[in-house]
Each structure stands twice: as C-alpha cells, then as structure tokens.
>>> print(open('protein_3.pdb').read())   # PDB, C-alpha atoms
ATOM      1  CA  MET G   1      95.230 117.996  95.670
ATOM      2  CA  SER G   2      94.961 114.345  94.730
ATOM      3  CA  ARG G   3      98.013 112.783  93.076
ATOM      4  CA  ILE G   4      95.808 110.603  90.885
ATOM      5  CA  GLY G   5      93.204 113.295  90.233
ATOM      6  CA  LYS G   6      95.621 115.859  88.822
ATOM      7  CA  LYS G   7      96.897 113.564  86.032
ATOM      8  CA  PRO G   8      95.274 114.264  82.651
ATOM      9  CA  ILE G   9      93.531 111.462  80.725
ATOM     10  CA  ALA G  10      94.213 111.116  76.995
ATOM     11  CA  ILE G  11      91.148 110.483  74.840
ATOM     12  CA  PRO G  12      91.911 107.963  72.072
ATOM     13  CA  LYS G  13      90.566 108.321  68.543
ATOM     14  CA  GLY G  14      87.026 107.051  68.109
ATOM     15  CA  VAL G  15      85.979 107.939  71.671
ATOM     16  CA  LYS G  16      83.479 110.726  72.317
ATOM     17  CA  LEU G  17      83.238 112.161  75.846
ATOM     18  CA  VAL G  18      80.538 114.611  77.012
ATOM     19  CA  PHE G  19      80.200 116.173  80.493
ATOM     20  CA  ALA G  20      76.940 117.892  81.470
ATOM     21  CA  ASN G  21      74.953 118.178  84.722
ATOM     22  CA  ASN G  22      77.571 116.209  86.712
ATOM     23  CA  GLU G  23      77.164 113.248  84.343
ATOM     24  CA  VAL G  24      79.825 111.876  82.008
ATOM     25  CA  VAL G  25      78.778 110.089  78.818
ATOM     26  CA  CYS G  26      81.506 108.087  77.087
ATOM     27  CA  GLU G  27      80.879 106.540  73.683
ATOM     28  CA  GLY G  28      83.361 104.364  71.797
ATOM     29  CA  PRO G  29      83.698 101.403  69.450
ATOM     30  CA  LYS G  30      82.501  98.849  72.052
ATOM     31  CA  GLY G  31      79.518 100.781  73.412
ATOM     32  CA  LYS G  32      78.266 103.643  75.534
ATOM     33  CA  LEU G  33      78.646 104.265  79.299
ATOM     34  CA  PHE G  34      77.111 106.807  81.707
ATOM     35  CA  GLN G  35      78.497 107.837  85.098
ATOM     36  CA  LYS G  36      77.063 110.330  87.576
ATOM     37  CA  LEU G  37      79.836 112.218  89.412
ATOM     38  CA  HIS G  38      79.857 114.062  92.736
ATOM     39  CA  GLU G  39      78.750 117.707  92.559
ATOM     40  CA  LEU G  40      82.201 118.935  93.715
ATOM     41  CA  ILE G  41      83.901 117.513  90.606
ATOM     42  CA  GLN G  42      84.457 119.663  87.516
ATOM     43  CA  VAL G  43      85.548 118.094  84.202
ATOM     44  CA  THR G  44      87.162 119.996  81.325
ATOM     45  CA  ILE G  45      87.609 118.411  77.899
ATOM     46  CA  GLU G  46      90.049 120.075  75.488
ATOM     47  CA  ASP G  47      92.587 118.964  72.859
ATOM     48  CA  MET G  48      91.734 115.232  73.176
ATOM     49  CA  GLU G  49      92.526 115.387  76.893
ATOM     50  CA  VAL G  50      90.363 115.299  80.018
ATOM     51  CA  ARG G  51      91.273 117.151  83.199
ATOM     52  CA  VAL G  52      89.424 116.673  86.474
ATOM     53  CA  SER G  53      89.345 119.400  89.123
ATOM     54  CA  VAL G  54      87.512 119.795  92.391
ATOM     55  CA  GLU G  55      85.974 122.679  94.352
ATOM     56  CA  GLY G  56      87.460 123.104  97.838
ATOM     57  CA  GLN G  57      90.196 121.251  99.684
ATOM     58  CA  THR G  58      88.278 119.221 102.241
ATOM     59  CA  LYS G  59      89.205 115.595 102.807
ATOM     60  CA  SER G  60      86.068 114.340 101.040
ATOM     61  CA  ALA G  61      86.654 116.690  98.085
ATOM     62  CA  ARG G  62      90.211 115.372  97.634
ATOM     63  CA  ALA G  63      88.904 111.791  97.768
ATOM     64  CA  MET G  64      86.239 112.563  95.162
ATOM     65  CA  HIS G  65      88.927 114.141  92.946
ATOM     66  CA  GLY G  66      90.874 110.888  92.575
ATOM     67  CA  LEU G  67      87.710 108.796  92.366
ATOM     68  CA  GLY G  68      86.229 110.936  89.585
ATOM     69  CA  ARG G  69      89.405 110.714  87.508
ATOM     70  CA  ALA G  70      89.622 106.934  87.995
ATOM     71  CA  LEU G  71      85.971 106.442  86.987
ATOM     72  CA  ILE G  72      86.449 108.446  83.777
ATOM     73  CA  ALA G  73      89.677 106.574  82.929
ATOM     74  CA  ASN G  74      87.891 103.234  83.498
ATOM     75  CA  MET G  75      85.048 104.327  81.199
ATOM     76  CA  ILE G  76      87.472 105.269  78.415
ATOM     77  CA  GLN G  77      89.327 101.970  78.730
ATOM     78  CA  GLY G  78      86.032 100.059  78.817
ATOM     79  CA  VAL G  79      84.641 101.497  75.585
ATOM     80  CA  THR G  80      87.962 100.988  73.743
ATOM     81  CA  GLU G  81      89.357  97.671  75.072
ATOM     82  CA  GLY G  82      86.770  96.271  77.488
ATOM     83  CA  TYR G  83      87.356  94.310  80.688
ATOM     84  CA  GLU G  84      87.757  90.607  81.350
ATOM     85  CA  LYS G  85      87.931  88.384  84.452
ATOM     86  CA  SER G  86      88.426  84.626  84.626
ATOM     87  CA  LEU G  87      87.162  82.215  87.272
ATOM     88  CA  LEU G  88      88.234  78.617  87.874
ATOM     89  CA  LEU G  89      86.034  75.858  89.298
ATOM     90  CA  THR G  90      88.222  73.593  91.449
ATOM     91  CA  GLY G  91      86.866  70.396  92.968
ATOM     92  CA  VAL G  92      85.689  66.920  92.059
ATOM     93  CA  GLY G  93      82.594  67.214  89.857
ATOM     94  CA  PHE G  94      82.664  71.015  89.812
ATOM     95  CA  ARG G  95      81.587  72.201  86.370
ATOM     96  CA  GLY G  96      79.362  74.661  84.627
ATOM     97  CA  GLN G  97      77.649  75.407  81.339
ATOM     98  CA  ILE G  98      75.898  78.335  79.739
ATOM     99  CA  GLN G  99      72.281  77.839  78.660
ATOM    100  CA  GLY G 100      71.079  80.983  76.884
ATOM    101  CA  LYS G 101      71.162  83.817  79.446
ATOM    102  CA  THR G 102      71.632  81.440  82.400
ATOM    103  CA  LEU G 103      74.812  79.993  83.907
ATOM    104  CA  ASN G 104      74.244  76.481  85.274
ATOM    105  CA  LEU G 105      76.792  75.504  87.949
ATOM    106  CA  GLN G 106      77.351  72.119  89.596
ATOM    107  CA  LEU G 107      79.323  72.891  92.774
ATOM    108  CA  GLY G 108      78.888  69.777  94.892
ATOM    109  CA  TYR G 109      75.513  70.759  96.309
ATOM    110  CA  SER G 110      72.430  68.566  95.983
ATOM    111  CA  HIS G 111      71.006  71.006  93.424
ATOM    112  CA  PRO G 112      72.345  72.959  90.453
ATOM    113  CA  ILE G 113      72.916  76.683  90.901
ATOM    114  CA  LEU G 114      71.299  78.836  88.195
ATOM    115  CA  TYR G 115      72.667  82.371  87.746
ATOM    116  CA  GLN G 116      70.949  84.860  85.433
ATOM    117  CA  ILE G 117      73.571  86.695  83.348
ATOM    118  CA  PRO G 118      72.886  90.456  83.559
ATOM    119  CA  ASP G 119      72.716  92.730  80.509
ATOM    120  CA  GLY G 120      75.974  94.377  79.475
ATOM    121  CA  VAL G 121      78.071  91.374  80.531
ATOM    122  CA  SER G 122      78.878  88.276  78.493
ATOM    123  CA  LEU G 123      80.114  84.909  79.764
ATOM    124  CA  GLU G 124      82.176  82.329  77.916
ATOM    125  CA  MET G 125      83.291  78.887  79.017
ATOM    126  CA  PRO G 126      86.451  77.740  77.193
ATOM    127  CA  SER G 127      86.278  74.542  79.285
ATOM    128  CA  ALA G 128      83.797  73.072  81.763
ATOM    129  CA  THR G 129      85.835  74.423  84.699
ATOM    130  CA  GLU G 130      86.741  77.911  83.453
ATOM    131  CA  ILE G 131      84.441  80.931  83.196
ATOM    132  CA  THR G 132      85.460  84.120  81.362
ATOM    133  CA  ILE G 133      83.450  87.265  82.096
ATOM    134  CA  LYS G 134      83.666  90.140  79.576
ATOM    135  CA  GLY G 135      82.094  93.575  79.381
ATOM    136  CA  ILE G 136      82.720  97.297  78.969
ATOM    137  CA  ASP G 137      81.759  98.322  82.526
ATOM    138  CA  LYS G 138      84.543  97.487  85.006
ATOM    139  CA  GLN G 139      82.169  97.602  87.981
ATOM    140  CA  ALA G 140      79.643  95.250  86.371
ATOM    141  CA  VAL G 141      82.305  92.706  85.328
ATOM    142  CA  GLY G 142      83.806  92.701  88.821
ATOM    143  CA  GLN G 143      80.399  92.394  90.495
ATOM    144  CA  VAL G 144      79.340  89.437  88.331
ATOM    145  CA  ALA G 145      82.649  87.694  89.105
ATOM    146  CA  ALA G 146      82.187  88.345  92.840
ATOM    147  CA  ASN G 147      78.574  87.078  92.747
ATOM    148  CA  ILE G 148      79.577  83.827  91.034
ATOM    149  CA  ARG G 149      82.513  83.365  93.433
ATOM    150  CA  GLN G 150      80.154  83.732  96.434
ATOM    151  CA  PHE G 151      78.344  80.503  95.523
ATOM    152  CA  TYR G 152      81.340  78.490  96.829
ATOM    153  CA  VAL G 153      84.255  80.529  98.197
ATOM    154  CA  PRO G 154      87.521  78.515  98.065
ATOM    155  CA  GLU G 155      88.055  76.661 101.318
ATOM    156  CA  PRO G 156      91.502  76.478 102.949
ATOM    157  CA  TYR G 157      91.822  72.703 103.468
ATOM    158  CA  LYS G 158      91.412  71.206  99.987
ATOM    159  CA  GLY G 159      91.221  74.412  97.937
ATOM    160  CA  LYS G 160      87.805  73.513  96.492
ATOM    161  CA  GLY G 161      85.585  76.300  95.242
ATOM    162  CA  VAL G 162      85.267  79.105  92.714
ATOM    163  CA  SER G 163      88.454  81.189  92.554
ATOM    164  CA  TYR G 164      89.835  83.959  90.391
ATOM    165  CA  LYS G 165      92.421  82.837  87.844
ATOM    166  CA  GLY G 166      95.846  83.360  89.395
ATOM    167  CA  GLU G 167      94.478  83.699  92.954
ATOM    168  CA  GLN G 168      96.631  82.107  95.657
ATOM    169  CA  ILE G 169      94.557  80.185  98.182
ATOM    170  CA  ARG G 170      96.218  79.931 101.574
ATOM    171  CA  ARG G 171      96.093  76.308 102.623
ATOM    172  CA  LYS G 172      95.896  75.051 106.192
ATOM    173  CA  ALA G 173      97.351  71.818 107.507
ATOM    174  CA  GLY G 174      94.792  69.148 108.244
ATOM    175  CA  LYS G 175      94.332  67.381 111.558
ATOM    176  CA  THR G 176      97.217  65.234 112.722
ATOM    177  CA  VAL G 177      96.847  62.059 114.716
ATOM    178  CA  ALA G 178      98.838  62.265 117.957
TER     179      ALA G 178
END
>>> encode(input="protein_3.pdb", output="structure tokens")
Amino acid sequence: MSRIGKKPIAIPKGVKLVFANNEVVCEGPKGKLFQKLHELIQVTIEDMEVRVSVEGQTKSARAMHGLGRALIANMIQGVTEGYEKSLLLTGVGFRGQIQGKTLNLQLGYSHPILYQIPDGVSLEMPSATEITIKGIDKQAVGQVAANIRQFYVPEPYKGKGVSYKGEQIRRKAGKTVA
C-alpha cells in the first residue's frame, strides 16, 4: 500500500468533486479541471473527504495509487489557490514583453523569440527581466515554464539564460593562463 495514496484528501468548501468512468472532475472558485485516472484506481467521496484505493498489490498498482492521490490533491489545490512559477532573464540585453497572447523574448540571438501563450495559463511581467506564470493546472504551468526556459538554458560560465526564481546555477571556473 502506498504511503502517499492511503492519506485522505480534505475537500474545502466551494469545491465540487465528481468521479465517474475513471475520470475526476474538480470544480472550484478558480475554474474546472478534468483528469483521467488509471483503471486500477478507485475513488470514494464521502463527508467532504476523498479516499483513493487500488485493486491488487502489484508494483504498478502501488505506483498508480500514490500518483492518483497526488493528481487529485493537485487538482483541488489548483481550483482553490492556483499555481505560480517565476522565471528570471539573466544576461546583458535579455528582456521580454507580452504582446496580446504572445511572449516576445530578446535572449541575445539575432532574432526575437515569439512564444504563443497556451489557453489556461496567464503570464505577467512585473519587470522586463521577470516572468510570472499562473494557472490552475500544475502540469500546464510547469510545462510552460520549462518550454520558456528551454530557449536559453542557464550556462555555467557567466550564468546567462532563463532560470527559475531561486534556482542555484553551478558555476565553473574559466580558463586560466599558465
């Protein structure tokens, strides 16, 4: 039995959770999310609490047990509080701006990088070198942050690039003249 999977999840007020045909629908003040679960997972909703159980004790079933519980907990947190990630643009001339549904990045290349902002995710730029990604779906917010970071991964010599806020970039020593 999974240690994570056996913990119950409390449902806060204002959140409606429905489980049918191996699909969980979670609706709250910030929006509505759907998640298809593995067929081995069973969900019971009673007394403002969700319990996740699994059929069988195979290794894959135990893994799906913890995963199913984590996905449901992430959905509940997403529709009540939402998720947020911040990116920093570090480097001379590195900057960005939002133009409608497009993020325009200047990252030291000979051309600007245009990134289409997907639905369900919003971007804000408190300054020209900071990007804040917000949304109710944890997976979507993380994927957008990873996609933007891939345009210029921080390099180890000068630390230039797109990094997560608070990320430690391991620096290397430069060449020395002997």
>>> resolve_selection(input="protein_3.pdb", expression="the PyMOL selection byres ((chain G and resi 106-109) around 10)", output="list in words")
Leu89, Thr90, Gly91, Val92, Gly93, Phe94, Arg95, Gly96, Gln97, Asn104, Leu105, Ser110, His111, Pro112, Ile113, Leu114, Phe151, Tyr152, Lys160, Gly161 and Val162 of chain G
>>> closest_residue(input="protein_3.pdb", among="G:Ala61, G:Val79, G:Ala20, G:Met48", to="Leu33 (chain G)", atoms="all atoms listed in the file")
G:Val79
>>> resolve_selection(input="protein_3.pdb", expression="the PyMOL selection byres ((chain G and resi 45) around 12)", output="PyMOL selection string")
chain G and resi 8-11+16-20+24+42-44+46-53+72
>>> closest_residue(input="protein_3.pdb", among="G:Ala63, G:Met125, G:Met75, G:Ile136", to="Lys36 (chain G)", atoms="only C-alpha atoms")
G:Met75
>>> atom_distance(input="protein_3.pdb", atom1="CA of Gly120 (chain G)", atom2="CA of Glu27 (chain G)")
14.3 Å
>>> residues_around(input="protein_3.pdb", residues="Asn21 (chain G)", least_positions_apart="5", cutoff="12 Å", atoms="only C-alpha atoms", output="MDAnalysis selection string")
chainID G and resid 34:43
>>> closest_residue(input="protein_3.pdb", among="G:Ser2, G:Glu84, G:Ala178, G:Asn22", to="Ser60 (chain G)", atoms="all atoms listed in the file")
G:Ser2
>>> atom_distance(input="protein_3.pdb", atom1="CA of Val121 (chain G)", atom2="CA of Gly28 (chain G)")
16.5 Å
>>> resolve_selection(input="protein_3.pdb", expression="the PyMOL selection byres ((chain G and resi 172) around 6)", output="ChimeraX atom specification")
/G:156-157,171,173
>>> atom_distance(input="protein_3.pdb", atom1="CA of Gln143 (chain G)", atom2="CA of Glu130 (chain G)")
17.3 Å
>>> residues_around(input="protein_3.pdb", residues="Thr80 (chain G)", least_positions_apart="5", cutoff="8 Å", atoms="only C-alpha atoms", output="list in words")
Val15, Gly28, Pro29 and Lys30 of chain G
>>> closest_residue(input="protein_3.pdb", among="G:Ser163, G:Ser127, G:Gln168, G:Ser122", to="Leu87 (chain G)", atoms="all atoms listed in the file")
G:Ser163
>>> residues_around(input="protein_3.pdb", residues="Lys101 (chain G)", least_positions_apart="6", cutoff="10 Å", atoms="only C-alpha atoms", output="ChimeraX atom specification")
/G:115-119,122-123
>>> closest_residue(input="protein_3.pdb", among="G:Gly5, G:Gly174, G:Gly135, G:Gly100", to="Gly31 (chain G)", atoms="only C-alpha atoms")
G:Gly135
>>> closest_residue(input="protein_3.pdb", among="G:Glu23, G:Leu88, G:Lys13, G:Arg3", to="Arg62 (chain G)", atoms="all atoms listed in the file")
G:Arg3
